[in-house]
Protein chains: 2
Amino acid sequence: MGLKEKLDAALRRQALLGAAVEGLVWDQEVMMPKAGALHRAQVIGELSALHHQNLTQQVLPLVREALATPHILTPSEKAQLEILLQEAEPIEKIPTELVRRFSEEASQAQIVWAEARARSDFATFAPHLEKLVQLSREKAQYLGYEEEPYEALLRLYERSLRPRAVEALFAEIKDFLIQTIQACQEVPLAAQELPTLRMPAADQRQLVEEVLTHIGWRPETNRLDLSAHPFCSGLSPKDVRLTIRIDEEDLFMALGSGMHEMGHALYEMGLPEEPLGWPITTAASLSIHESQSRFWENHIGNSLAFWKFMYEKVLPAYKPAWLSDYTPFTLAQRANLVRPSLIRIQSDEVSYHLHILLRFELERALINGALSVQDLPAAWNEKVQVYLGLQPPSDAVGVLQDIHWSMGSFGYFPTYSLGSLYAAQFAAAIEREYPDYMVHVAEGHFETPLGWLRKNIHAYGHTLTSEALCAEATGEPLSARYFQAYIREKVTQLYEGAVALPA
Amino acid sequence: MGLKEKLDAALRRQALLGAAVEGLVWDQEVMMPKAGALHRAQVIGELSALHHQNLTQQVLPLVREALATPHILTPSEKAQLEILLQEAEPIEKIPTELVRRFSEEASQAQIVWAEARARSDFATFAPHLEKLVQLSREKAQYLGYEEEPYEALLRLYERSLRPRAVEALFAEIKDFLIQTIQACQEVPLAAQELPTLRMPAADQRQLVEEVLTHIGWRPETNRLDLSAHPFCSGLSPKDVRLTIRIDEEDLFMALGSGMHEMGHALYEMGLPEEPLGWPITTAASLSIHESQSRFWENHIGNSLAFWKFMYEKVLPAYKPAWLSDYTPFTLAQRANLVRPSLIRIQSDEVSYHLHILLRFELERALINGALSVQDLPAAWNEKVQVYLGLQPPSDAVGVLQDIHWSMGSFGYFPTYSLGSLYAAQFAAAIEREYPDYMVHVAEGHFETPLGWLRKNIHAYGHTLTSEALCAEATGEPLSARYFQAYIREKVTQLYEGAVALPA
């Protein structure tokens, strides 16, 4: 085998091992009998170790060799390998044994967390969280950093991001968010008093499938299942599975989670299939991935145009009793009510980012050693009070609400806010190119935004960094002003100009 | 790490990689969107290659080293490693690249086969089957054999079995089977004319789950799903999944497949969990596995006692219209009607083994080069005529009916008949020890036979060969006479002495 063939084989193996883990994690979350958890943790730990070993012992040496023999590479291949090297070099520094231990600890912690949350019992979860914080700090030491340990973890998700940059981005929007929330709460909306969107679970499932089918969901290539934590698994571009959460009292939950995960799914379905394992077949970053879910959940799914489509073309067949109480406008109002919630995933688009900000500050303090696990619940409650003006009645709806820390995913949360900023900037670019695309959305046609995303985001895979991709697609680097403008416009429209927005 | 720790780790990895494949194959058969098939074939091919590599490059060298340092092993460990070596040595001779190619070819062939069967189109499947026959012959060359290539493949499933021995076993029962079928067909049974056991699919699913729960099925450790080809996956003793097939016109299909797969499941659930990867945590052989499914399907599920239990305790709640037409006796009669079918998995316990015999003869001829794939359909139809007196109206219900050859599983079919012989010998041993255990079965209590199997079969894992396990459990080596005696007794009872059985 020549060098190129060896490299292809190693990258292919890397992708296939990753897909095996993806498939087994999906099964774990959606299908696995409960008692299989411990064994599954060992299986995934072993595969993660092999995945890591293949990266460090096969892929990276071959990538370096290939880059040193550039005549065997096309310019695109060369660029891809450079990005791959840049992304993967830190991972090389983590010993495989730590990867396996981390994976196993995290799998077990998730099980304990689920039970601890059900009983609102932080104390049971605390030793597992401590272990994960400690292993993460160990990981950060191997990875290396310039200013603080948290930096190393954050950069595993967004290679060029620093904690200071995240802090700066939040500083730009923090006051705007807090003041907007306050101003909105002072304006009573009639939609607030309308009945909740109650619907039987089976109908909700069917409705979500129907809506997603308009956008691109297909039974030959997709699955739609239920899980407590909605997520999307891209096993291959032709096998992409999403889950939703159903609350019989509130259709918004199923629909919102469905639109969100469909955004992730469309990205996975739109990635090039070949050559397997090369960066062009993988997503650019978590932030870009999240931009896709946010775009479909918020810019499309929470738009007035979308609720026109729902009201006229989808909802009538399900005959919900509340339909006659609403208009497309009041449905959109209600979908977008700015009203802080204790629960991140039930939050409106404005207060959502304060949830992320407080998690960012807390996990940064945990990893940097400025906050102990023991003091975490109190610190959580304090920040919820300051940012959202709320008091969690229990840890179940407070510090225990998210799965992320139980997975050892520190540094992940900021990508959610970045995703929203990217989404707003992409939406603005789409609107510049197709000023009336929302007219089509109101008719149930989603080809225009999907086409733009396919062409300007999905088709690139990871051939560019997030920043470069954004600049290429929108003509400028990431800026928070599109997000601010979007929120301003939406609040003005749906609160009918009654909200005194901050300058 | 000392030698013992290294060996433990290698065996553990072997088990975990095996479990990963098991999980992904389950998903492929039960959950995966159709378009994911090709990619999944690649994932499984890659994992199979790693599994093979770990066996040959890690496990076996360490096993040899450990056996050469016997003071680090307990007597049980030593015996286990000797068995492992004996079983695995042939596999060592197959190049990893052939393992991967075989796995990928087989995955693709399965997809083609499923479509070919649906359209009864052997020609589309033929080139894939040819490829698999050719790869299997290649495999046989690597494995080595004394008398014929087929021997090498057969011994992958049953290490000490030779084609001649299978031939001899069948010679012992072949005439008995053919004559018994003929004699039974001459006796008209009233039960034959009673209505079919029609029941809505949802009720059937619930009924099967209820019955299996009496035997040991639990939602914490098990799943029950639907698939065209019922099967059982033991991902770990605490995660064992079975599938059934439902025919709304015929409850026997769901119940029979449920009892059969539950037999496999109980074995998997009864295996020791630790030390992971050591032979004591794995099944003794395919034949012994099949003895467990046959025992529960036939000796329990087709017994008069079981149908008493069904009639009195289970069926009434489902209110089937036909219930009043039956008695426990006529239900058992109908469950055991000796009436040859074109379809193996719909066959009675007598004609079933003629199905196996004809497959054994055909696959042996295919692998040994005495029969071409092109001539296979005609050869199939001829043998069905000779052994069963039937003429397949299409290949869909003829040569294309089984999945096995499309998986490249040549040498597998004979283990089904061996399983029945073992099952009958085990059932006789249980009866000697607990002469009235069927009285408890009639009450819905299955602890006695399960307890015997747990203690005498499951707990041993693969610490003994099939033959030694049989001798240890029943006091003598495998003999066909228990199976013959069982069939005689059953036919005499259910045909009320009216059948003139062969001497």
# chains A, B, ... in the order shown; residues from 1 in each chain; ligands from 1
>>> interface_residues(of="chain B", to="chain A", cutoff="6 Å", atoms="only C-alpha atoms", output="PyMOL selection string")
chain B and resi 16+33-36+43+220-222+238-239
>>> write_last_selection(atoms="C-alpha atoms", output="short mmCIF file (atom, residue, chain, number, x, y, z; two decimals), in the first residue's frame")
data_model
loop_
_atom_site.label_atom_id
_atom_site.label_comp_id
_atom_site.auth_asym_id
_atom_site.auth_seq_id
_atom_site.Cartn_x
_atom_site.Cartn_y
_atom_site.Cartn_z
CA LEU B 16 -16.14 -5.85 24.21
CA PRO B 33 -33.14 3.05 8.43
CA LYS B 34 -32.76 1.07 5.23
CA ALA B 35 -30.35 3.44 3.52
CA GLY B 36 -27.82 3.01 6.32
CA VAL B 43 -18.53 -0.40 10.26
CA GLU B 220 -34.74 -3.97 32.97
CA THR B 221 -32.63 -6.57 31.19
CA ASN B 222 -34.53 -7.54 28.05
CA LYS B 238 -27.87 -7.96 31.61
CA ASP B 239 -28.83 -6.81 28.11
#
>>> residues_around(residues="Tyr437 in chain B", least_positions_apart="2", cutoff="12 Å", atoms="only C-alpha atoms", output="PDB file with N, CA and C atoms, in the first residue's frame")
ATOM      1  N   HIS B 299     -39.895 -28.711  23.887  1.00  0.00           N
ATOM      2  CA  HIS B 299     -40.183 -29.566  25.055  1.00  0.00           C
ATOM      3  C   HIS B 299     -41.111 -28.852  26.032  1.00  0.00           C
ATOM      4  N   ILE B 300     -40.962 -27.540  26.147  1.00  0.00           N
ATOM      5  CA  ILE B 300     -41.898 -26.790  26.997  1.00  0.00           C
ATOM      6  C   ILE B 300     -43.057 -26.251  26.167  1.00  0.00           C
ATOM      7  N   SER B 303     -45.654 -28.552  24.678  1.00  0.00           N
ATOM      8  CA  SER B 303     -46.150 -29.639  25.542  1.00  0.00           C
ATOM      9  C   SER B 303     -47.633 -29.452  25.870  1.00  0.00           C
ATOM     10  N   ALA B 305     -48.821 -29.803  28.789  1.00  0.00           N
ATOM     11  CA  ALA B 305     -48.826 -29.042  30.048  1.00  0.00           C
ATOM     12  C   ALA B 305     -48.847 -27.535  29.779  1.00  0.00           C
ATOM     13  N   PHE B 306     -47.994 -27.107  28.842  1.00  0.00           N
ATOM     14  CA  PHE B 306     -47.914 -25.684  28.518  1.00  0.00           C
ATOM     15  C   PHE B 306     -49.249 -25.186  27.965  1.00  0.00           C
ATOM     16  N   ALA B 427     -33.765 -32.883  28.279  1.00  0.00           N
ATOM     17  CA  ALA B 427     -35.131 -33.006  28.802  1.00  0.00           C
ATOM     18  C   ALA B 427     -35.302 -34.339  29.537  1.00  0.00           C
ATOM     19  N   ALA B 428     -34.709 -35.389  28.981  1.00  0.00           N
ATOM     20  CA  ALA B 428     -34.798 -36.701  29.629  1.00  0.00           C
ATOM     21  C   ALA B 428     -34.089 -36.672  30.981  1.00  0.00           C
ATOM     22  N   ALA B 429     -32.946 -35.974  31.039  1.00  0.00           N
ATOM     23  CA  ALA B 429     -32.206 -35.885  32.305  1.00  0.00           C
ATOM     24  C   ALA B 429     -32.997 -35.094  33.342  1.00  0.00           C
ATOM     25  N   ILE B 430     -33.642 -34.026  32.901  1.00  0.00           N
ATOM     26  CA  ILE B 430     -34.469 -33.240  33.829  1.00  0.00           C
ATOM     27  C   ILE B 430     -35.598 -34.108  34.373  1.00  0.00           C
ATOM     28  N   GLU B 431     -36.208 -34.883  33.493  1.00  0.00           N
ATOM     29  CA  GLU B 431     -37.333 -35.712  33.903  1.00  0.00           C
ATOM     30  C   GLU B 431     -36.902 -36.805  34.884  1.00  0.00           C
ATOM     31  N   ARG B 432     -35.695 -37.340  34.669  1.00  0.00           N
ATOM     32  CA  ARG B 432     -35.194 -38.346  35.617  1.00  0.00           C
ATOM     33  C   ARG B 432     -35.054 -37.726  37.012  1.00  0.00           C
ATOM     34  N   GLU B 433     -34.568 -36.474  37.042  1.00  0.00           N
ATOM     35  CA  GLU B 433     -34.318 -35.839  38.338  1.00  0.00           C
ATOM     36  C   GLU B 433     -35.616 -35.287  38.948  1.00  0.00           C
ATOM     37  N   TYR B 434     -36.490 -34.768  38.110  1.00  0.00           N
ATOM     38  CA  TYR B 434     -37.763 -34.174  38.580  1.00  0.00           C
ATOM     39  C   TYR B 434     -38.909 -34.767  37.772  1.00  0.00           C
ATOM     40  N   PRO B 435     -39.341 -35.971  38.132  1.00  0.00           N
ATOM     41  CA  PRO B 435     -40.312 -36.673  37.272  1.00  0.00           C
ATOM     42  C   PRO B 435     -41.614 -35.885  37.058  1.00  0.00           C
ATOM     43  N   VAL B 439     -45.966 -30.925  35.729  1.00  0.00           N
ATOM     44  CA  VAL B 439     -47.123 -30.512  36.524  1.00  0.00           C
ATOM     45  C   VAL B 439     -46.995 -29.020  36.868  1.00  0.00           C
ATOM     46  N   HIS B 440     -45.771 -28.615  37.173  1.00  0.00           N
ATOM     47  CA  HIS B 440     -45.554 -27.196  37.497  1.00  0.00           C
ATOM     48  C   HIS B 440     -45.686 -26.313  36.250  1.00  0.00           C
ATOM     49  N   VAL B 441     -45.204 -26.829  35.122  1.00  0.00           N
ATOM     50  CA  VAL B 441     -45.339 -26.079  33.869  1.00  0.00           C
ATOM     51  C   VAL B 441     -46.816 -25.802  33.599  1.00  0.00           C
ATOM     52  N   ALA B 442     -47.666 -26.796  33.852  1.00  0.00           N
ATOM     53  CA  ALA B 442     -49.098 -26.628  33.609  1.00  0.00           C
ATOM     54  C   ALA B 442     -49.693 -25.541  34.495  1.00  0.00           C
ATOM     55  N   GLU B 443     -48.973 -25.213  35.590  1.00  0.00           N
ATOM     56  CA  GLU B 443     -49.421 -24.142  36.492  1.00  0.00           C
ATOM     57  C   GLU B 443     -48.772 -22.807  36.151  1.00  0.00           C
ATOM     58  N   GLY B 444     -47.896 -22.814  35.156  1.00  0.00           N
ATOM     59  CA  GLY B 444     -47.186 -21.577  34.813  1.00  0.00           C
ATOM     60  C   GLY B 444     -45.920 -21.380  35.617  1.00  0.00           C
ATOM     61  N   HIS B 445     -45.391 -22.465  36.198  1.00  0.00           N
ATOM     62  CA  HIS B 445     -44.122 -22.377  36.934  1.00  0.00           C
ATOM     63  C   HIS B 445     -43.023 -23.085  36.149  1.00  0.00           C
ATOM     64  N   PHE B 446     -41.995 -22.329  35.832  1.00  0.00           N
ATOM     65  CA  PHE B 446     -40.945 -22.850  34.955  1.00  0.00           C
ATOM     66  C   PHE B 446     -39.601 -22.943  35.668  1.00  0.00           C
ATOM     67  N   GLU B 447     -39.621 -22.791  36.993  1.00  0.00           N
ATOM     68  CA  GLU B 447     -38.365 -22.709  37.733  1.00  0.00           C
ATOM     69  C   GLU B 447     -37.583 -24.020  37.701  1.00  0.00           C
ATOM     70  N   THR B 448     -38.264 -25.140  37.676  1.00  0.00           N
ATOM     71  CA  THR B 448     -37.547 -26.421  37.759  1.00  0.00           C
ATOM     72  C   THR B 448     -36.661 -26.653  36.538  1.00  0.00           C
ATOM     73  N   PRO B 449     -37.235 -26.629  35.322  1.00  0.00           N
ATOM     74  CA  PRO B 449     -36.330 -26.841  34.185  1.00  0.00           C
ATOM     75  C   PRO B 449     -35.290 -25.717  34.072  1.00  0.00           C
ATOM     76  N   LEU B 450     -35.697 -24.480  34.366  1.00  0.00           N
ATOM     77  CA  LEU B 450     -34.735 -23.379  34.257  1.00  0.00           C
ATOM     78  C   LEU B 450     -33.590 -23.569  35.256  1.00  0.00           C
ATOM     79  N   GLY B 451     -33.952 -23.975  36.471  1.00  0.00           N
ATOM     80  CA  GLY B 451     -32.929 -24.192  37.495  1.00  0.00           C
ATOM     81  C   GLY B 451     -31.940 -25.277  37.080  1.00  0.00           C
ATOM     82  N   TRP B 452     -32.474 -26.358  36.497  1.00  0.00           N
ATOM     83  CA  TRP B 452     -31.596 -27.446  36.051  1.00  0.00           C
ATOM     84  C   TRP B 452     -30.634 -26.954  34.964  1.00  0.00           C
TER      85      TRP B 452
END
>>> closest_residue(among="A:Val25, A:Leu73, A:Leu464, A:Leu376", to="Gly234 in chain A", atoms="only C-alpha atoms")
A:Val25
>>> closest_residue(among="A:Lys4, A:Lys319, A:Lys93, A:Lys313", to="Lys139 in chain A", atoms="only C-alpha atoms")
A:Lys93
>>> residues_around(residues="His229 in chain A", least_positions_apart="5", cutoff="10 Å", atoms="only C-alpha atoms", output="ChimeraX atom specification")
/A:29-30,243-245,257,345,402-403
>>> closest_residue(among="B:Ser227, B:Gln401, B:Ser394, B:Gln206", to="Val314 in chain B", atoms="only C-alpha atoms")
B:Gln206
>>> closest_residue(among="B:Ala190, B:Leu371, B:Ala317, B:Ile246", to="Leu331 in chain B", atoms="only C-alpha atoms")
B:Ala190
>>> residues_around(residues="range 167-182 of chain B", least_positions_apart="3", cutoff="7 Å", atoms="only C-alpha atoms", output="PyMOL selection string")
chain B and resi 163-164+185-186+338-339+350-351+387+501-502
>>> write_last_selection(atoms="N, CA and C atoms", output="PDB file, in the first residue's frame")
ATOM      1  N   PRO B 163     -18.116 -33.675   8.809  1.00  0.00           N
ATOM      2  CA  PRO B 163     -19.275 -33.916   7.939  1.00  0.00           C
ATOM      3  C   PRO B 163     -19.752 -35.370   7.990  1.00  0.00           C
ATOM      4  N   ARG B 164     -18.795 -36.294   8.055  1.00  0.00           N
ATOM      5  CA  ARG B 164     -19.170 -37.713   8.129  1.00  0.00           C
ATOM      6  C   ARG B 164     -20.016 -38.019   9.362  1.00  0.00           C
ATOM      7  N   GLN B 185     -49.453 -38.414   8.369  1.00  0.00           N
ATOM      8  CA  GLN B 185     -50.335 -37.805   7.375  1.00  0.00           C
ATOM      9  C   GLN B 185     -51.540 -38.684   7.050  1.00  0.00           C
ATOM     10  N   GLU B 186     -51.385 -39.964   7.343  1.00  0.00           N
ATOM     11  CA  GLU B 186     -52.509 -40.877   7.057  1.00  0.00           C
ATOM     12  C   GLU B 186     -53.585 -40.809   8.138  1.00  0.00           C
ATOM     13  N   VAL B 338     -48.025 -32.918  12.603  1.00  0.00           N
ATOM     14  CA  VAL B 338     -46.925 -33.317  11.735  1.00  0.00           C
ATOM     15  C   VAL B 338     -47.408 -33.203  10.286  1.00  0.00           C
ATOM     16  N   ARG B 339     -46.957 -32.164   9.628  1.00  0.00           N
ATOM     17  CA  ARG B 339     -47.454 -31.851   8.297  1.00  0.00           C
ATOM     18  C   ARG B 339     -46.364 -31.058   7.606  1.00  0.00           C
ATOM     19  N   VAL B 350     -40.839 -32.856  13.474  1.00  0.00           N
ATOM     20  CA  VAL B 350     -40.362 -34.044  12.761  1.00  0.00           C
ATOM     21  C   VAL B 350     -39.803 -33.650  11.399  1.00  0.00           C
ATOM     22  N   SER B 351     -40.624 -32.962  10.612  1.00  0.00           N
ATOM     23  CA  SER B 351     -40.159 -32.651   9.256  1.00  0.00           C
ATOM     24  C   SER B 351     -39.051 -31.583   9.274  1.00  0.00           C
ATOM     25  N   TYR B 387     -37.656 -35.522   0.016  1.00  0.00           N
ATOM     26  CA  TYR B 387     -37.743 -35.622   1.477  1.00  0.00           C
ATOM     27  C   TYR B 387     -39.102 -35.235   2.040  1.00  0.00           C
ATOM     28  N   LEU B 501     -46.120 -46.077  14.021  1.00  0.00           N
ATOM     29  CA  LEU B 501     -44.747 -45.564  13.978  1.00  0.00           C
ATOM     30  C   LEU B 501     -43.785 -46.632  13.482  1.00  0.00           C
ATOM     31  N   PRO B 502     -42.714 -46.208  12.779  1.00  0.00           N
ATOM     32  CA  PRO B 502     -41.721 -47.186  12.322  1.00  0.00           C
ATOM     33  C   PRO B 502     -41.058 -47.857  13.518  1.00  0.00           C
TER      34      PRO B 502
END
>>> residues_around(residues="Ser103 in chain B", least_positions_apart="3", cutoff="10 Å", atoms="only C-alpha atoms", output="PyMOL selection string")
chain B and resi 41-49+97-100+106-109+132+407-408
>>> residues_around(residues="Ile83 in chain A", least_positions_apart="2", cutoff="8 Å", atoms="only C-alpha atoms", output="list in words")
Ala79, Gln80, Leu81, Leu85, Gln86, Glu87, Pro279, His462, Thr463, Leu464 and Thr465 of chain A
>>> atom_distance(atom1="CA of Thr474 in chain B", atom2="CA of Pro75 in chain B")
23.4 Å
>>> residues_around(residues="Gly144 in chain A", least_positions_apart="4", cutoff="12 Å", atoms="only C-alpha atoms", output="list in words")
Glu89, Pro90, Ile91, Glu92, Lys93, Ile94, Ser136, Arg137, Glu138, Lys139, Ala140, Glu148, Pro149, Tyr150, Glu151, Ala152, Leu153, Leu154, Arg155 and Leu156 of chain A
>>> write_last_selection(atoms="N, CA and C atoms", output="PDB file, in the first residue's frame")
ATOM      1  N   GLU A  89      -3.990  17.651  17.036  1.00  0.00           N
ATOM      2  CA  GLU A  89      -2.718  17.639  17.756  1.00  0.00           C
ATOM      3  C   GLU A  89      -2.883  17.648  19.273  1.00  0.00           C
ATOM      4  N   PRO A  90      -3.792  18.469  19.813  1.00  0.00           N
ATOM      5  CA  PRO A  90      -3.925  18.434  21.281  1.00  0.00           C
ATOM      6  C   PRO A  90      -4.368  17.054  21.788  1.00  0.00           C
ATOM      7  N   ILE A  91      -5.268  16.424  21.049  1.00  0.00           N
ATOM      8  CA  ILE A  91      -5.801  15.126  21.484  1.00  0.00           C
ATOM      9  C   ILE A  91      -4.688  14.092  21.581  1.00  0.00           C
ATOM     10  N   GLU A  92      -3.680  14.272  20.718  1.00  0.00           N
ATOM     11  CA  GLU A  92      -2.532  13.367  20.707  1.00  0.00           C
ATOM     12  C   GLU A  92      -1.825  13.358  22.064  1.00  0.00           C
ATOM     13  N   LYS A  93      -1.938  14.472  22.746  1.00  0.00           N
ATOM     14  CA  LYS A  93      -1.190  14.572  24.005  1.00  0.00           C
ATOM     15  C   LYS A  93      -1.870  13.838  25.162  1.00  0.00           C
ATOM     16  N   ILE A  94      -3.131  13.470  24.965  1.00  0.00           N
ATOM     17  CA  ILE A  94      -3.832  12.752  26.037  1.00  0.00           C
ATOM     18  C   ILE A  94      -3.502  11.266  25.939  1.00  0.00           C
ATOM     19  N   SER A 136     -10.777  15.937  34.167  1.00  0.00           N
ATOM     20  CA  SER A 136     -10.740  16.997  33.158  1.00  0.00           C
ATOM     21  C   SER A 136      -9.556  17.926  33.391  1.00  0.00           C
ATOM     22  N   ARG A 137      -9.274  18.164  34.643  1.00  0.00           N
ATOM     23  CA  ARG A 137      -8.104  18.998  34.962  1.00  0.00           C
ATOM     24  C   ARG A 137      -6.827  18.263  34.541  1.00  0.00           C
ATOM     25  N   GLU A 138      -6.825  16.956  34.771  1.00  0.00           N
ATOM     26  CA  GLU A 138      -5.688  16.135  34.344  1.00  0.00           C
ATOM     27  C   GLU A 138      -5.526  16.230  32.821  1.00  0.00           C
ATOM     28  N   LYS A 139      -6.665  16.126  32.145  1.00  0.00           N
ATOM     29  CA  LYS A 139      -6.673  16.233  30.687  1.00  0.00           C
ATOM     30  C   LYS A 139      -6.120  17.588  30.255  1.00  0.00           C
ATOM     31  N   ALA A 140      -6.556  18.629  30.942  1.00  0.00           N
ATOM     32  CA  ALA A 140      -6.108  19.985  30.595  1.00  0.00           C
ATOM     33  C   ALA A 140      -4.591  20.102  30.746  1.00  0.00           C
ATOM     34  N   GLU A 148      -5.331  29.499  31.382  1.00  0.00           N
ATOM     35  CA  GLU A 148      -6.083  28.799  32.426  1.00  0.00           C
ATOM     36  C   GLU A 148      -6.434  27.392  31.945  1.00  0.00           C
ATOM     37  N   PRO A 149      -6.581  26.432  32.870  1.00  0.00           N
ATOM     38  CA  PRO A 149      -6.873  25.051  32.457  1.00  0.00           C
ATOM     39  C   PRO A 149      -8.134  24.947  31.588  1.00  0.00           C
ATOM     40  N   TYR A 150      -9.156  25.741  31.907  1.00  0.00           N
ATOM     41  CA  TYR A 150     -10.424  25.663  31.168  1.00  0.00           C
ATOM     42  C   TYR A 150     -10.225  25.913  29.677  1.00  0.00           C
ATOM     43  N   GLU A 151      -9.266  26.765  29.366  1.00  0.00           N
ATOM     44  CA  GLU A 151      -8.943  27.076  27.969  1.00  0.00           C
ATOM     45  C   GLU A 151      -8.691  25.802  27.152  1.00  0.00           C
ATOM     46  N   ALA A 152      -7.952  24.867  27.757  1.00  0.00           N
ATOM     47  CA  ALA A 152      -7.606  23.636  27.036  1.00  0.00           C
ATOM     48  C   ALA A 152      -8.857  22.848  26.651  1.00  0.00           C
ATOM     49  N   LEU A 153      -9.845  22.806  27.557  1.00  0.00           N
ATOM     50  CA  LEU A 153     -11.063  22.040  27.295  1.00  0.00           C
ATOM     51  C   LEU A 153     -11.953  22.742  26.275  1.00  0.00           C
ATOM     52  N   LEU A 154     -12.088  24.043  26.448  1.00  0.00           N
ATOM     53  CA  LEU A 154     -12.884  24.839  25.512  1.00  0.00           C
ATOM     54  C   LEU A 154     -12.364  24.653  24.087  1.00  0.00           C
ATOM     55  N   ARG A 155     -11.048  24.640  23.950  1.00  0.00           N
ATOM     56  CA  ARG A 155     -10.446  24.564  22.615  1.00  0.00           C
ATOM     57  C   ARG A 155     -10.536  23.166  22.002  1.00  0.00           C
ATOM     58  N   LEU A 156     -10.940  22.184  22.816  1.00  0.00           N
ATOM     59  CA  LEU A 156     -11.231  20.871  22.224  1.00  0.00           C
ATOM     60  C   LEU A 156     -12.467  20.957  21.351  1.00  0.00           C
TER      61      LEU A 156
END
>>> select_by_dssp(residues="range 116-148 of chain B", states="alpha helix (DSSP H)", output="count of residues only")
26
>>> atom_distance(atom1="CA of Glu249 in chain B", atom2="CA of Leu197 in chain B")
6.2 Å
>>> decode(residues="range 451-464 of chain A", atoms="N, CA and C atoms", output="CSV table (one decimal), in the first residue's frame")
chain,number,residue,atom,x,y,z
A,451,GLY,N,-31.4,25.1,0.8
A,451,GLY,CA,-30.5,25.1,-0.3
A,451,GLY,C,-29.3,26.0,0.0
A,452,TRP,N,-29.6,27.1,0.6
A,452,TRP,CA,-28.5,28.0,0.9
A,452,TRP,C,-27.5,27.4,1.9
A,453,LEU,N,-28.1,26.7,2.9
A,453,LEU,CA,-27.2,26.0,3.9
A,453,LEU,C,-26.4,24.9,3.3
A,454,ARG,N,-27.1,24.1,2.5
A,454,ARG,CA,-26.4,23.0,1.8
A,454,ARG,C,-25.2,23.5,1.0
A,455,LYS,N,-25.4,24.6,0.3
A,455,LYS,CA,-24.4,25.1,-0.6
A,455,LYS,C,-23.3,25.8,0.2
A,456,ASN,N,-23.7,26.6,1.2
A,456,ASN,CA,-22.7,27.5,1.8
A,456,ASN,C,-22.1,26.9,3.1
A,457,ILE,N,-22.8,26.0,3.7
A,457,ILE,CA,-22.3,25.4,5.0
A,457,ILE,C,-22.0,23.9,4.8
A,458,HIS,N,-23.1,23.1,4.6
A,458,HIS,CA,-22.9,21.7,4.6
A,458,HIS,C,-21.9,21.1,3.7
A,459,ALA,N,-21.9,21.6,2.4
A,459,ALA,CA,-21.0,21.0,1.4
A,459,ALA,C,-19.5,21.2,1.8
A,460,TYR,N,-19.2,22.2,2.6
A,460,TYR,CA,-17.8,22.4,3.0
A,460,TYR,C,-17.3,21.4,4.0
A,461,GLY,N,-18.2,20.7,4.7
A,461,GLY,CA,-17.7,19.8,5.7
A,461,GLY,C,-16.7,20.6,6.6
A,462,HIS,N,-15.6,20.0,6.9
A,462,HIS,CA,-14.6,20.7,7.8
A,462,HIS,C,-13.4,21.0,7.0
A,463,THR,N,-13.6,21.6,5.8
A,463,THR,CA,-12.5,22.0,5.0
A,463,THR,C,-12.0,23.4,5.4
A,464,LEU,N,-12.9,24.1,6.2
A,464,LEU,CA,-12.5,25.4,6.7
A,464,LEU,C,-12.7,25.5,8.2
